[in-house]
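Here's the structure, in structure tokens; my notes come after.
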Amino acid sequence: MHDECLLSMRHINKYFPGVKALSDVDFTLRHGEIHALMGENGAGKSTLIKVLTGVYQNDGGEIAVEGEKLHIRSPQDAQRGGISTVYQEITLCPNLTVAENMFIGREEGPLIRQKNYVKRANEILSELGIPARGSQILGSCSLAVQQMVAIARAVDMKCKVLILDEPTSSLDDKEVQVLFKLMRDLKSRGVGIIFVTHFLEQVYEVCDRITVLRNGELVGEYLTEDLPQVQLVAKMIGKDLDELSSFGKAEVKEYGPDDVFYEAEELSSSDALPFDFKIHKGEVNGFTGLLGSGRSESVRAIFGADKVNGGTVKIKGDSVKINKPIDAMKHGIGYLPEDRKRDGIIADLSVRENIILALQVMKGFFKPISRSESEAFADEYIKALNIKTASRETPIGSLSGGNQQKVILARWLLTHPDYLILDEPTRGIDVGTKLEIQKLVLKLAEDGVSVTFISSEIEEMLRTCSRLIVMRDRHVVGELKGEELTEAQVMKTIAGGNTVNEE
Amino acid sequence: MKTRKEFLREPLTDTQLLMTITISIFVAMYAVAMGALQGGFLHAQQVFDMLNDNASLIIVSCGLTIVMITGGIDISVGGVTSLVVMACILYLNHGGNVFVAALLALGIGLAFGLVHGFLISYLEIQPFIVTLAGMFFARGMTTILSVNPQKVEHEGFANLRSTQIEIPWLGYTAKNGNIVPARIELGVLVAVFCLIVVFLILKFHRLGRGFYAIGGNQTSALMLGINVKRTRFLAYVFSGLLSGVSGFVLMMHTGAANATNAAGMEMNAIAASIIGGTLLTGGVGNVIGTFFGVLTLTTIKKIVVSSGLNQPWWQSITTGGMLCFFILLQSVVLSRRNKKKKAT
């Protein structure tokens with residue numbers, strides 16, 4: 001029973017204009033199994049899931065549930081076939097009650113019997129141990145609970161296959177544990193769970209099997225205990241392990257007073273408290289701290305992205321005023337924002353247009369960059385940064401996250417900045433692109449560009465930065481360099497040696 | 001930690017909260033008017049007059065509320081109402097039958113609803129544009145039918161028109177000693193009927209819950225298995241149909257038609273819905289609130305007139321001011337609520 005095949009996808013193909021998103025991919029899910037689907041961004045995970053849930057139509061191959069062939073043309077078809085999905089973004093209606101969200105769209109009869117629903121919902125919720133009430137408006141629950149309500153809905157629909165697409169990315173550790181408990185519970189009932197995530201530790205914590213995809217092709221299916229974490233990473237990025245460990249720590253350089261590129265005293269903005277900061281030519285430094293510690297707000301103040309309230313700024317020793325992003329750009333500063341989707345890309349514009357944007361703004365809109373020039377720029381950077389896109393005229397919104405990030409990076413590199421601020425450039429992108437970006441940062445520094453690098457992954461910052469500014473509760477609490485740059489020391493500085501405030 | 005018992009009573013939803021605010025403001029305003037202005041406000045007939053005059057507005061506002069709950073807009077309702085009035089009167093004056101005239105009214109409304117719904121839902125064109133076109137079209141058609149004002153000369157219809165429900169005990173004694181009973185027109189009954197039907201659909205029918213779901217989050221609604229296109233389509237069909245009903249009721253009220261009939265009605269209906277707590281962003285709203293929205297709007301106008309400000313612009317200015325006030329109040333209340341939610 002346990003090894004019986006629940007879902008089988010055979011020879012799945014999917015084409016997008018100019019790109020083969022999936023080629024001949026097989027995927028098998030067994031009863032009572034948690035199966036991780038792993039791969040870099042753009043590997044085809046999302047596409048495979050969308051084919052399975054009917055958001056996309058497959059261009060070849062077949063899908064069968066419990067041996068029965070299934071033609072999935074819409075999300076409703078998939079649901080009828082016993083395949084339910086819980087997406088990263090909550091796909092419930094926040095203005096309806098929890099109970100309605102669980103039963104809407106599959107009512108028996110035309111009338112809504114709210115009381116009846118609430119009663120049934122409460123039974124299911126308490127059975128699964130979900131801390132929500134049926135009569136509650138969904139919008140008043142936390143994100144984690146909303147996610148669990150979505151799962152409860154799927155469970156009540158007697159789903160056989162449950163797809164969890166990045167369910168943990170907006171949850172904290174405690175919430176993740178509650179979710180895992182729920183997953184194990186479902187597993188013991190014989191539900192097959194497909195778990196898509198970026199977090200390797202989570203895979204090793206709950207999953208039985210791992211299927212790895214790369215570039216739209218199947219790399220292989222493995223039992224979790226047979227595949228050590230390092231090998232999994234190697235399989236995902238398709239690179240040798242040597243390469244992963246090939247670059248060590250950033251070397252320590254000595255700077256004289258003439259090397260200072262940017263210097264700020266008591267700089268403050270509407271969101272950042274006053275702080276002092278300086279960076280040398282060709283130096284890579286980083287802001288670190290917990291989420292909400294003020295690291296992003298500080299670099300935004302440097303770039304003039306928020307309203308600057310006070311402080312003096314010197315660039316190469318000359319006093320300057322930076323109140324707006326355009327001021328910063330004119331002084332050779334570039335800023336890659338934390339929230340790529342909101343502050344970075346313009347989704348409907350092409351890759352080319354997104355690349356030339358910053359340069360165009362700096363030149364002024366009355367001196368347009370000619371078409372041939374912009375095409376040459378775009379081609380140059382698509383090649384240099386190895387951006388995977390169907391063409392330079394593809395809308396950037398259809399690229400994968402990592403490639404979008406590279407385009408934004410290209411946008412700033414094109415302006416040939418003296419100082420580049422990168423806020424979380426590697427978030428939500430795959431391991432391979434992460435390494436490429438880290439290497440690029442080090443190369444830029446070698447060429448004399450100053451870089452400020454922010455990342456949630458301390459280990460990544462230790463690898464790239466030669467100086468770390470540590471922030472806590474919106475104050476700079478320390479500066480680490482040289483020998484102090486160890487994970488333990490950073491942690492200690494963040495925690496402040498005193499009692500750690502848990503938020 | 002709260003105990004299980006405290007959970008039994010849920011906090012007010014946004015819809016309920018906004019509706020409560022509107023009703024309280026209406027009651028307060030009316031009470032102040034009764035105290036300060038006296039006169040007509042002390043008679044029950046004042047309320048019935050407000051209903052008699054605004055039966056058709058209440059009906060279109062119900063339709064508009066549905067559309068707004070789905071996150072759309074329908075600005076053709078005034079135009080359609082006017083077209084229905086003109087078409088029915090011409091038909092009746094050419095020797096038509098009252099029953100067929102009612103069907104004609106429904107048919108015109110339905111036709112507009114179907115076309116709007118199809119264009120908006122299945123061809124995915126902006127609702128504002130589609131219904132703007134519908135509005136111009138309906139207004140144009142009205143003028144084509146007759147440039148000159150028309151009066152009903154149909155006998156059967158005249159009888160229907162003059163039928164009123166009289167409630168003696170709510171009446172008052174006039175100066176000459178006669179007892180004047182309170183009068184309610186048939187149109188008000190139609191309006192109340194529509195109100196109840198729409199209320200029940202929104203609250204208890206799965207279609208109604210579908211309207212809310214779409215307004216809350218369209219993609220989610222799709223994922224939850226709601227036929228989003230059909231549901232949205234039906235919202236506009238409802239709105240069109242109710243515009244047809246509204247036209248017939250307006251004709252019963254005025255007994256006359258001209259090209260500028262029901263001018264600005266769509267804007268009044270939008271204002272009433274918003275005052276009643278329907279959010280333009282969709283997902284929140286209720287027809288009971290809308291009903292009180294209409295009453296609030298009318299009371300403001302009555303108060304302005306009773307205060308001796310007879311020039312028509314004073315009504316517009318106060319209505320504009322009130323609308324602004326309500327929207328500010330709504331956003332303040334809702335944002336405070338959300339902040340509180342976040343804090344806990």
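Letters A, B, ... go to the chains of the structure tokens in the order shown; residues in each chain start at 1; ligands are counted from 1 in the same order.
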**Request:** Define the interface residues of chain A facing chain B as those within 6 Å, counting only C-alpha atoms, and report them as a list in words.
**Result:** Gln76, Thr91, Leu92, Cys93, Asn95, Gly105, Pro110, Leu111 and Ile112 of chain A
Could you take the residues named above and write them with N, CA and C atoms, as a PDB file, in the first residue's frame?
ATOM      1  N   GLN A  76     -10.425  23.781 -11.465  1.00  0.00           N
ATOM      2  CA  GLN A  76     -11.574  22.985 -11.018  1.00  0.00           C
ATOM      3  C   GLN A  76     -11.397  21.515 -11.397  1.00  0.00           C
ATOM      4  N   THR A  91      -4.682  32.220  -1.190  1.00  0.00           N
ATOM      5  CA  THR A  91      -5.724  32.339  -2.200  1.00  0.00           C
ATOM      6  C   THR A  91      -7.083  32.075  -1.572  1.00  0.00           C
ATOM      7  N   LEU A  92      -7.375  32.853  -0.555  1.00  0.00           N
ATOM      8  CA  LEU A  92      -8.698  32.827   0.056  1.00  0.00           C
ATOM      9  C   LEU A  92      -9.211  34.258   0.045  1.00  0.00           C
ATOM     10  N   CYS A  93     -10.474  34.420   0.375  1.00  0.00           N
ATOM     11  CA  CYS A  93     -11.037  35.766   0.374  1.00  0.00           C
ATOM     12  C   CYS A  93     -11.022  36.349   1.783  1.00  0.00           C
ATOM     13  N   ASN A  95     -12.340  38.879   3.070  1.00  0.00           N
ATOM     14  CA  ASN A  95     -13.535  39.539   3.580  1.00  0.00           C
ATOM     15  C   ASN A  95     -14.654  38.566   3.938  1.00  0.00           C
ATOM     16  N   GLY A 105     -17.842  27.757  -3.159  1.00  0.00           N
ATOM     17  CA  GLY A 105     -17.449  27.161  -4.435  1.00  0.00           C
ATOM     18  C   GLY A 105     -17.721  25.674  -4.509  1.00  0.00           C
ATOM     19  N   PRO A 110     -28.259  25.831  -3.581  1.00  0.00           N
ATOM     20  CA  PRO A 110     -27.995  27.248  -3.816  1.00  0.00           C
ATOM     21  C   PRO A 110     -27.894  28.088  -2.549  1.00  0.00           C
ATOM     22  N   LEU A 111     -28.391  27.577  -1.437  1.00  0.00           N
ATOM     23  CA  LEU A 111     -28.417  28.417  -0.245  1.00  0.00           C
ATOM     24  C   LEU A 111     -27.212  28.167   0.653  1.00  0.00           C
ATOM     25  N   ILE A 112     -26.812  29.228   1.319  1.00  0.00           N
ATOM     26  CA  ILE A 112     -25.688  29.143   2.246  1.00  0.00           C
ATOM     27  C   ILE A 112     -26.266  28.957   3.641  1.00  0.00           C
TER      28      ILE A 112
END
**Request:** Please provide the set of residues having any atom within 6 Å of His280 (chain A), restricted to only C-alpha atoms, with same-chain residues fewer than 2 positions apart removed, written as a PyMOL selection string.
**Result:** chain A and resi 259-261+283
**Prompt:** Can you tell me, as a VMD selection string, what residues are no more than 12 Å from Ile73 (chain B) when counting only C-alpha atoms, ignoring any on the same chain fewer than 3 positions away?
**Reply:** chain B and resid 61 63 to 70 76 to 77 116 to 117 120 126 to 132 215 232 235 to 236 239 to 240 266 to 267 269 to 270 273 to 274 278 to 282
**Prompt:** Do you have the CA of Ala301 (chain A)-CA of Ile333 (chain A) distance handy?
**Reply:** 12.1 Å
**Request:** Name all residues at most 6 Å from region 156-166 of chain A (count only C-alpha atoms; drop same-chain ones fewer than 3 positions away) and give them as a PyMOL selection string.
**Result:** chain A and resi 82-88+153+169+191-197
**Message:** Report, in Å to a single decimal, how far apart CA of Val51 (chain A) and CA of Ser23 (chain A) are.
**Reply:** 12.6 Å
**Message:** Need the shell around Ala378 (chain A): protein/DNA/RNA residues with any atom at most 7 Å away, counting only C-alpha atoms. Skip same-chain ones fewer than 5 positions apart. Format as a PyMOL selection string?
**Reply:** chain A and resi 352+355+392
Within 12 Å of Leu52 (chain A), counting only C-alpha atoms, which residues show up once you throw out same-chain ones fewer than 2 positions away? Write them as an mmCIF file with N, CA and C atoms, in the first residue's frame, please.
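So result08.cif came out as:
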data_model
loop_
_atom_site.group_PDB
_atom_site.id
_atom_site.type_symbol
_atom_site.label_atom_id
_atom_site.label_comp_id
_atom_site.auth_asym_id
_atom_site.auth_seq_id
_atom_site.Cartn_x
_atom_site.Cartn_y
_atom_site.Cartn_z
ATOM 1 N N LEU A 7 0.202 9.375 -7.665
ATOM 2 C CA LEU A 7 0.158 10.313 -8.793
ATOM 3 C C LEU A 7 1.347 10.023 -9.686
ATOM 4 N N SER A 8 1.088 9.922 -10.958
ATOM 5 C CA SER A 8 2.238 9.787 -11.834
ATOM 6 C C SER A 8 2.113 10.771 -12.982
ATOM 7 N N MET A 9 3.180 11.481 -13.200
ATOM 8 C CA MET A 9 3.257 12.397 -14.339
ATOM 9 C C MET A 9 4.346 11.850 -15.237
ATOM 10 N N ARG A 10 4.013 11.608 -16.493
ATOM 11 C CA ARG A 10 4.983 10.994 -17.395
ATOM 12 C C ARG A 10 5.228 11.856 -18.623
ATOM 13 N N ILE A 12 6.197 14.865 -19.283
ATOM 14 C CA ILE A 12 5.526 16.161 -19.350
ATOM 15 C C ILE A 12 6.396 17.167 -20.104
ATOM 16 N N ASN A 13 5.785 17.816 -21.087
ATOM 17 C CA ASN A 13 6.473 18.861 -21.843
ATOM 18 C C ASN A 13 5.672 20.144 -21.755
ATOM 19 N N LYS A 14 6.374 21.254 -21.739
ATOM 20 C CA LYS A 14 5.678 22.538 -21.729
ATOM 21 C C LYS A 14 6.559 23.570 -22.405
ATOM 22 N N ASP A 26 9.369 13.465 -15.586
ATOM 23 C CA ASP A 26 8.567 12.452 -14.893
ATOM 24 C C ASP A 26 8.492 12.819 -13.421
ATOM 25 N N PHE A 27 7.359 12.518 -12.820
ATOM 26 C CA PHE A 27 7.249 12.767 -11.386
ATOM 27 C C PHE A 27 6.299 11.740 -10.805
ATOM 28 N N LYS A 45 10.044 24.078 -11.508
ATOM 29 C CA LYS A 45 9.173 23.640 -10.411
ATOM 30 C C LYS A 45 7.784 24.232 -10.538
ATOM 31 N N SER A 46 7.749 25.551 -10.632
ATOM 32 C CA SER A 46 6.444 26.229 -10.672
ATOM 33 C C SER A 46 5.661 25.805 -11.890
ATOM 34 N N THR A 47 6.360 25.649 -13.003
ATOM 35 C CA THR A 47 5.664 25.251 -14.220
ATOM 36 C C THR A 47 5.048 23.868 -14.054
ATOM 37 N N LEU A 48 5.825 22.965 -13.463
ATOM 38 C CA LEU A 48 5.315 21.611 -13.271
ATOM 39 C C LEU A 48 4.068 21.632 -12.379
ATOM 40 N N ILE A 49 4.154 22.418 -11.315
ATOM 41 C CA ILE A 49 3.008 22.525 -10.400
ATOM 42 C C ILE A 49 1.806 23.112 -11.137
ATOM 43 N N LYS A 50 2.067 24.115 -11.944
ATOM 44 C CA LYS A 50 0.951 24.766 -12.626
ATOM 45 C C LYS A 50 0.322 23.852 -13.672
ATOM 46 N N GLY A 54 -3.608 22.724 -13.411
ATOM 47 C CA GLY A 54 -4.497 23.186 -14.472
ATOM 48 C C GLY A 54 -4.387 24.659 -14.792
ATOM 49 N N VAL A 55 -3.418 25.334 -14.172
ATOM 50 C CA VAL A 55 -3.229 26.744 -14.519
ATOM 51 C C VAL A 55 -2.635 26.829 -15.931
ATOM 52 N N TYR A 56 -1.691 25.912 -16.226
ATOM 53 C CA TYR A 56 -1.173 25.774 -17.587
ATOM 54 C C TYR A 56 -1.645 24.439 -18.166
ATOM 55 N N GLN A 57 -1.704 24.383 -19.472
ATOM 56 C CA GLN A 57 -1.971 23.112 -20.152
ATOM 57 C C GLN A 57 -0.624 22.505 -20.527
ATOM 58 N N ASN A 58 -0.497 21.193 -20.355
ATOM 59 C CA ASN A 58 0.770 20.604 -20.796
ATOM 60 C C ASN A 58 0.750 20.412 -22.304
ATOM 61 N N GLY A 61 2.539 14.613 -22.794
ATOM 62 C CA GLY A 61 2.711 13.823 -21.588
ATOM 63 C C GLY A 61 1.381 13.501 -20.968
ATOM 64 N N GLU A 62 1.410 12.656 -19.956
ATOM 65 C CA GLU A 62 0.145 12.320 -19.322
ATOM 66 C C GLU A 62 0.235 12.323 -17.805
ATOM 67 N N ILE A 63 -0.909 12.592 -17.200
ATOM 68 C CA ILE A 63 -1.009 12.651 -15.755
ATOM 69 C C ILE A 63 -2.042 11.620 -15.318
ATOM 70 N N ALA A 64 -1.718 10.834 -14.298
ATOM 71 C CA ALA A 64 -2.680 9.850 -13.811
ATOM 72 C C ALA A 64 -2.717 9.892 -12.296
ATOM 73 N N VAL A 65 -3.917 9.804 -11.729
ATOM 74 C CA VAL A 65 -4.066 9.701 -10.286
ATOM 75 C C VAL A 65 -4.648 8.331 -9.985
ATOM 76 N N LEU A 70 -5.934 11.507 -16.277
ATOM 77 C CA LEU A 70 -6.656 12.725 -15.935
ATOM 78 C C LEU A 70 -6.352 13.796 -16.976
ATOM 79 N N HIS A 71 -7.408 14.452 -17.450
ATOM 80 C CA HIS A 71 -7.170 15.595 -18.333
ATOM 81 C C HIS A 71 -7.484 16.847 -17.547
ATOM 82 N N ILE A 72 -6.460 17.605 -17.241
ATOM 83 C CA ILE A 72 -6.655 18.773 -16.380
ATOM 84 C C ILE A 72 -6.614 20.031 -17.221
ATOM 85 N N ARG A 73 -7.746 20.685 -17.286
ATOM 86 C CA ARG A 73 -7.805 21.890 -18.118
ATOM 87 C C ARG A 73 -8.014 23.156 -17.277
ATOM 88 N N SER A 74 -8.437 22.994 -16.036
ATOM 89 C CA SER A 74 -8.660 24.165 -15.191
ATOM 90 C C SER A 74 -8.422 23.754 -13.743
ATOM 91 N N PRO A 75 -8.246 24.746 -12.862
ATOM 92 C CA PRO A 75 -8.080 24.412 -11.442
ATOM 93 C C PRO A 75 -9.236 23.555 -10.913
ATOM 94 N N GLN A 76 -10.425 23.781 -11.465
ATOM 95 C CA GLN A 76 -11.574 22.985 -11.018
ATOM 96 C C GLN A 76 -11.397 21.515 -11.397
ATOM 97 N N ASP A 77 -10.885 21.268 -12.604
ATOM 98 C CA ASP A 77 -10.633 19.886 -13.026
ATOM 99 C C ASP A 77 -9.693 19.199 -12.050
ATOM 100 N N ALA A 78 -8.638 19.944 -11.684
ATOM 101 C CA ALA A 78 -7.644 19.373 -10.779
ATOM 102 C C ALA A 78 -8.286 19.042 -9.437
ATOM 103 N N GLN A 79 -9.115 19.955 -8.944
ATOM 104 C CA GLN A 79 -9.759 19.712 -7.653
ATOM 105 C C GLN A 79 -10.655 18.492 -7.717
ATOM 106 N N GLY A 81 -10.213 16.016 -9.533
ATOM 107 C CA GLY A 81 -9.351 14.846 -9.597
ATOM 108 C C GLY A 81 -8.659 14.576 -8.267
ATOM 109 N N GLY A 82 -8.953 15.357 -7.244
ATOM 110 C CA GLY A 82 -8.367 15.118 -5.932
ATOM 111 C C GLY A 82 -7.032 15.807 -5.727
ATOM 112 N N ILE A 83 -6.731 16.784 -6.588
ATOM 113 C CA ILE A 83 -5.461 17.504 -6.445
ATOM 114 C C ILE A 83 -5.750 18.905 -5.928
ATOM 115 N N SER A 84 -5.263 19.229 -4.740
ATOM 116 C CA SER A 84 -5.488 20.548 -4.178
ATOM 117 C C SER A 84 -4.160 21.252 -3.979
ATOM 118 N N THR A 85 -4.194 22.561 -4.074
ATOM 119 C CA THR A 85 -2.959 23.324 -3.956
ATOM 120 C C THR A 85 -3.114 24.429 -2.930
ATOM 121 N N VAL A 161 -3.948 14.366 -3.370
ATOM 122 C CA VAL A 161 -2.648 14.991 -3.585
ATOM 123 C C VAL A 161 -2.737 16.427 -3.083
ATOM 124 N N LEU A 162 -1.865 16.788 -2.172
ATOM 125 C CA LEU A 162 -1.853 18.149 -1.655
ATOM 126 C C LEU A 162 -0.536 18.805 -2.050
ATOM 127 N N ILE A 163 -0.641 19.914 -2.770
ATOM 128 C CA ILE A 163 0.569 20.607 -3.198
ATOM 129 C C ILE A 163 0.762 21.821 -2.302
ATOM 130 N N ILE A 194 3.096 17.192 -1.989
ATOM 131 C CA ILE A 194 4.234 17.720 -2.744
ATOM 132 C C ILE A 194 4.629 19.029 -2.079
#
Residue contacts of region 161-169 of chain B (12 Å, only C-alpha atoms) excluding same-chain residues fewer than 3 positions away, as a PDB file with C-alpha atoms, in the first residue's frame:
ATOM      1  CA  HIS B  43     -45.003  64.119  10.582  1.00  0.00           C
ATOM      2  CA  ALA B  44     -44.615  60.520   9.540  1.00  0.00           C
ATOM      3  CA  GLN B  45     -45.530  61.647   6.053  1.00  0.00           C
ATOM      4  CA  PHE B  48     -43.060  58.430   3.445  1.00  0.00           C
ATOM      5  CA  ASN B  52     -42.183  57.974  -2.407  1.00  0.00           C
ATOM      6  CA  VAL B  98     -49.804  48.064 -18.547  1.00  0.00           C
ATOM      7  CA  VAL B 152     -49.052  59.467 -19.581  1.00  0.00           C
ATOM      8  CA  GLU B 153     -52.551  59.504 -21.029  1.00  0.00           C
ATOM      9  CA  HIS B 154     -53.267  55.826 -20.500  1.00  0.00           C
ATOM     10  CA  GLU B 155     -56.304  55.274 -18.324  1.00  0.00           C
ATOM     11  CA  GLY B 156     -55.407  51.959 -16.761  1.00  0.00           C
ATOM     12  CA  PHE B 157     -51.996  53.221 -15.884  1.00  0.00           C
ATOM     13  CA  ALA B 158     -53.393  56.418 -14.435  1.00  0.00           C
ATOM     14  CA  TYR B 172     -52.041  64.252  10.918  1.00  0.00           C
ATOM     15  CA  THR B 173     -54.786  66.813  11.313  1.00  0.00           C
ATOM     16  CA  ASN B 178     -59.488  67.329   8.119  1.00  0.00           C
ATOM     17  CA  ILE B 179     -57.505  64.258   8.895  1.00  0.00           C
ATOM     18  CA  VAL B 180     -54.845  63.712   6.240  1.00  0.00           C
ATOM     19  CA  PRO B 181     -53.772  60.075   6.215  1.00  0.00           C
ATOM     20  CA  ALA B 182     -50.186  59.055   5.515  1.00  0.00           C
ATOM     21  CA  ARG B 183     -49.808  57.973   1.898  1.00  0.00           C
ATOM     22  CA  ILE B 184     -47.443  55.426   0.437  1.00  0.00           C
ATOM     23  CA  GLU B 185     -47.125  54.849  -3.277  1.00  0.00           C
ATOM     24  CA  LEU B 186     -47.034  51.383  -4.826  1.00  0.00           C
ATOM     25  CA  GLY B 187     -43.511  52.096  -6.018  1.00  0.00           C
ATOM     26  CA  VAL B 188     -42.283  52.027  -2.444  1.00  0.00           C
ATOM     27  CA  LEU B 189     -43.614  48.511  -2.037  1.00  0.00           C
ATOM     28  CA  PHE B 248     -41.141  51.646 -14.248  1.00  0.00           C
ATOM     29  CA  VAL B 249     -41.361  52.861 -10.661  1.00  0.00           C
ATOM     30  CA  LEU B 250     -40.170  56.317 -11.626  1.00  0.00           C
ATOM     31  CA  MET B 251     -42.827  56.424 -14.313  1.00  0.00           C
ATOM     32  CA  MET B 252     -45.462  55.521 -11.726  1.00  0.00           C
ATOM     33  CA  HIS B 253     -44.169  58.348  -9.578  1.00  0.00           C
ATOM     34  CA  THR B 254     -43.858  61.146 -12.113  1.00  0.00           C
ATOM     35  CA  GLY B 255     -46.225  60.044 -14.856  1.00  0.00           C
ATOM     36  CA  ALA B 256     -44.162  61.972 -17.328  1.00  0.00           C
TER      37      ALA B 256
END
**Secondary structure check, strand (DSSP E) residues of region 62-204 of chain B, as an MDAnalysis selection string** = chainID B and resid 150:151 164:173 179:185
May I have the selected residues written with N, CA and C atoms, as an mmCIF file, in the first residue's frame?
data_model
loop_
_atom_site.group_PDB
_atom_site.id
_atom_site.type_symbol
_atom_site.label_atom_id
_atom_site.label_comp_id
_atom_site.auth_asym_id
_atom_site.auth_seq_id
_atom_site.Cartn_x
_atom_site.Cartn_y
_atom_site.Cartn_z
ATOM 1 N N GLN B 150 -43.157 63.948 -22.531
ATOM 2 C CA GLN B 150 -44.360 63.134 -22.729
ATOM 3 C C GLN B 150 -45.087 62.974 -21.405
ATOM 4 N N LYS B 151 -46.442 62.907 -21.516
ATOM 5 C CA LYS B 151 -47.235 62.698 -20.314
ATOM 6 C C LYS B 151 -48.065 61.443 -20.501
ATOM 7 N N GLN B 164 -52.803 54.409 -3.886
ATOM 8 C CA GLN B 164 -51.860 54.664 -2.790
ATOM 9 C C GLN B 164 -52.350 53.942 -1.568
ATOM 10 N N ILE B 165 -51.449 53.566 -0.744
ATOM 11 C CA ILE B 165 -51.837 52.935 0.510
ATOM 12 C C ILE B 165 -51.981 54.047 1.537
ATOM 13 N N GLU B 166 -53.124 54.072 2.178
ATOM 14 C CA GLU B 166 -53.344 55.133 3.163
ATOM 15 C C GLU B 166 -53.306 54.547 4.566
ATOM 16 N N ILE B 167 -52.578 55.171 5.409
ATOM 17 C CA ILE B 167 -52.505 54.721 6.807
ATOM 18 C C ILE B 167 -53.019 55.854 7.683
ATOM 19 N N PRO B 168 -54.303 55.800 8.073
ATOM 20 C CA PRO B 168 -54.897 56.931 8.798
ATOM 21 C C PRO B 168 -54.191 57.232 10.121
ATOM 22 N N TRP B 169 -53.841 56.202 10.877
ATOM 23 C CA TRP B 169 -53.316 56.489 12.220
ATOM 24 C C TRP B 169 -51.940 57.124 12.196
ATOM 25 N N LEU B 170 -51.294 57.087 11.042
ATOM 26 C CA LEU B 170 -50.002 57.780 10.949
ATOM 27 C C LEU B 170 -50.161 59.172 10.357
ATOM 28 N N GLY B 171 -51.398 59.522 10.065
ATOM 29 C CA GLY B 171 -51.646 60.809 9.433
ATOM 30 C C GLY B 171 -51.623 61.945 10.448
ATOM 31 N N TYR B 172 -52.015 63.118 9.995
ATOM 32 C CA TYR B 172 -52.041 64.252 10.918
ATOM 33 C C TYR B 172 -53.276 65.105 10.611
ATOM 34 N N THR B 173 -53.616 65.962 11.502
ATOM 35 C CA THR B 173 -54.786 66.813 11.313
ATOM 36 C C THR B 173 -54.351 68.126 10.683
ATOM 37 N N ILE B 179 -58.612 65.163 8.608
ATOM 38 C CA ILE B 179 -57.505 64.258 8.895
ATOM 39 C C ILE B 179 -56.875 63.828 7.580
ATOM 40 N N VAL B 180 -55.564 64.103 7.457
ATOM 41 C CA VAL B 180 -54.845 63.712 6.240
ATOM 42 C C VAL B 180 -54.092 62.419 6.537
ATOM 43 N N PRO B 181 -54.477 61.326 5.925
ATOM 44 C CA PRO B 181 -53.772 60.075 6.215
ATOM 45 C C PRO B 181 -52.384 60.048 5.562
ATOM 46 N N ALA B 182 -51.503 59.225 6.124
ATOM 47 C CA ALA B 182 -50.186 59.055 5.515
ATOM 48 C C ALA B 182 -50.350 58.251 4.235
ATOM 49 N N ARG B 183 -49.650 58.654 3.191
ATOM 50 C CA ARG B 183 -49.808 57.973 1.898
ATOM 51 C C ARG B 183 -48.496 57.333 1.458
ATOM 52 N N ILE B 184 -48.614 56.097 1.002
ATOM 53 C CA ILE B 184 -47.443 55.426 0.437
ATOM 54 C C ILE B 184 -47.777 54.990 -0.975
ATOM 55 N N GLU B 185 -46.882 55.259 -1.893
ATOM 56 C CA GLU B 185 -47.125 54.849 -3.277
ATOM 57 C C GLU B 185 -46.755 53.387 -3.462
#
**Selected residue, from A:Leu96, A:Cys141, A:Val477, A:Val149, that lies nearest to Leu125 (chain A) when counting only C-alpha atoms** = A:Val149
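Atom to atom, CA of Ile437 (chain A) and CA of Thr493 (chain A) stand 26.5 Å apart.
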**Message:** I'd like to know which residues of region 348-476 of chain A are alpha helix (DSSP H) (by DSSP, run on the backbone); could you write them as a PyMOL selection string?
**Reply:** chain A and resi 351-363+371-384+401-413+431-446+458-464
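Using only C-alpha atoms, the nearest neighbour of Ile345 (chain A) within the list A:Lys363, A:Lys321, A:Lys388, A:Lys406 is A:Lys406.
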